[in-house]
Amino acid sequence: MCHSLGPLLRRATVGGLALAVMCVPGGVPAAAPGAPLAPEASSLTFTQRYRAHQHGGIVRAANAAITCRPAPSCRDVQAGERGENGDFDMFYIDVDNDPNTYNSSSAEVRLPAGSRVTYARLYWGGNLRVGEQKPPQDNERVLMAEPGGDYKQLVADTVVGHHVADGAEAFQASADVTQLVRDSAPGLYTVAQVNVASGKSAAGAWGGWTLVVAYENAAEPLRDLAIWDGFAPLRSGGAQEMRLRDLGFPAGAGGYAGLVAYNGDRGTTGDSLTLTTDQGGSASTDLADSANPADDVLNSTISGPEGNRPARVPAYDNTLGYDSDVFDLGRGLQHAGDQATLRLSSQRDAAWAGVLFAAVDAR
């Protein structure tokens, strides 16, 4: 097992303490002390991370890293009542009974029998500035344990988004974990040491992680699969729009789309995820379901289509600022076409967009 001691030593401080690493046999070697940090940028343009045309699909596991401190009102919100992270004193979720970690949560990767993983990426992020200030030097590192396995330290393999705005200091990092997930059995993955701050502020504490997994399976329909990622604020009408070209889907095709976003508040309306399948924009559908109203999709939920909701520990209904949702495309593909556009927008929430993905049945 490998642990970065930097986050443990710097839980409530700002500064340049040297990064230390603790490993026991069987762990994955971690970055050496003094290794260069991953580059950072205040905004990352959304780009296509993965594309495939294959029999199979995309699944995801996700959970929050922080929640409200125990109290009657907190329990009501965790169970699904309306509430915002800025209303509460927030503290870490920690489920692993490991004294060397201060936050951890678990979620299930549920793959159909006979599947082969073709791509997997872990995304993590949160707010560094609340009642405490977390050091951005730790944004690029996180721990992940596969089902039945020990923690491995992961280091971001791409530019880290890191942006100070609206009273928050937001970040998102990610790493390719294809080989690790391919070599592991489906089940509960645990992610720890997400670099999020605890406490209370007007901006609120929030953070979490999402593992996105593309797979191949001969028993499933032929589909076009795509994953995009970036890091961009959505407030005041901000939007991220991704176009999937060269599809060739039939009329009435099935499919689903997913998003990862930060600091969406339940009850703050004006945010939506829209699917458009023609160039003129006339064939547009607002994606929504029982967990995500059409005008409040950034409502602090980790949800999936009915009947396809993998296990989480803990499984709070209101995640207080972390969204990782999957939507059935439903009536959005009534007519045959060769392209589809996903548009995630917000009018009022001071939110950040991190990931979009889609799987669309092909002819």
# chains A, B, ... in the order shown; residues from 1 in each chain; ligands from 1
call {"tool": "residues_around", "arguments": {"residues": "A:Ala64", "least_positions_apart": "6", "cutoff": "10 Å", "atoms": "only C-alpha atoms", "output": "number ranges by chain"}}
result
A: 92-93, 103-107, 124-126, 191, 194, 206-210, 300-302, 312-316, 318-324
call {"tool": "write_last_selection", "arguments": {"atoms": "C-alpha atoms", "output": "PDB file, in the first residue's frame"}}
result
ATOM      1  CA  TYR A  92     -14.624  14.410   5.269  1.00  0.00           C
ATOM      2  CA  ILE A  93     -16.237  11.117   4.334  1.00  0.00           C
ATOM      3  CA  ASN A 103     -11.019  10.962   3.360  1.00  0.00           C
ATOM      4  CA  SER A 104     -12.210   7.935   1.412  1.00  0.00           C
ATOM      5  CA  SER A 105     -15.363   6.690  -0.301  1.00  0.00           C
ATOM      6  CA  SER A 106     -16.303   3.720  -2.466  1.00  0.00           C
ATOM      7  CA  ALA A 107     -18.390   3.014  -5.554  1.00  0.00           C
ATOM      8  CA  TRP A 124     -11.057  13.841  -9.024  1.00  0.00           C
ATOM      9  CA  GLY A 125     -11.541  17.418  -7.863  1.00  0.00           C
ATOM     10  CA  GLY A 126     -12.941  19.814  -5.311  1.00  0.00           C
ATOM     11  CA  VAL A 191     -10.628   6.481  -3.690  1.00  0.00           C
ATOM     12  CA  VAL A 194      -8.956  13.792  -2.673  1.00  0.00           C
ATOM     13  CA  TRP A 206     -17.394  20.176  -2.186  1.00  0.00           C
ATOM     14  CA  GLY A 207     -15.473  17.473  -4.001  1.00  0.00           C
ATOM     15  CA  GLY A 208     -15.482  13.905  -5.256  1.00  0.00           C
ATOM     16  CA  TRP A 209     -14.289  11.432  -7.862  1.00  0.00           C
ATOM     17  CA  THR A 210     -15.570   9.596 -10.942  1.00  0.00           C
ATOM     18  CA  SER A 300     -25.808  17.414  -6.247  1.00  0.00           C
ATOM     19  CA  THR A 301     -26.666  13.894  -7.417  1.00  0.00           C
ATOM     20  CA  ILE A 302     -24.850  10.740  -8.424  1.00  0.00           C
ATOM     21  CA  ARG A 312     -21.907   3.427  -3.310  1.00  0.00           C
ATOM     22  CA  VAL A 313     -20.516   3.678   0.221  1.00  0.00           C
ATOM     23  CA  PRO A 314     -21.878   5.993   1.511  1.00  0.00           C
ATOM     24  CA  ALA A 315     -24.857   6.445  -0.817  1.00  0.00           C
ATOM     25  CA  TYR A 316     -26.022   9.966   0.048  1.00  0.00           C
ATOM     26  CA  ASN A 318     -27.704  14.850  -1.872  1.00  0.00           C
ATOM     27  CA  THR A 319     -23.930  15.021  -2.338  1.00  0.00           C
ATOM     28  CA  LEU A 320     -23.810  18.753  -1.496  1.00  0.00           C
ATOM     29  CA  GLY A 321     -21.957  19.987  -4.545  1.00  0.00           C
ATOM     30  CA  TYR A 322     -20.818  16.994  -6.595  1.00  0.00           C
ATOM     31  CA  ASP A 323     -22.629  15.763  -9.722  1.00  0.00           C
ATOM     32  CA  SER A 324     -21.858  12.584 -11.664  1.00  0.00           C
TER      33      SER A 324
END
call {"tool": "select_by_dssp", "arguments": {"residues": "stretch 168-201 of chain A", "states": "strand (DSSP E or B)", "output": "JSON, numbers by chain"}}
result
{"A": [168, 169, 170, 171, 172, 173, 174, 175, 176, 187, 188, 189, 190, 191, 192, 199]}
call {"tool": "closest_residue", "arguments": {"among": "A:Val160, A:Ile58, A:Ala202, A:Leu188", "to": "A:Gly86", "atoms": "only C-alpha atoms"}}
result
A:Ala202
call {"tool": "residues_around", "arguments": {"residues": "A:Arg243", "least_positions_apart": "3", "cutoff": "9 Å", "atoms": "only C-alpha atoms", "output": "PyMOL selection string"}}
result
chain A and resi 339-343
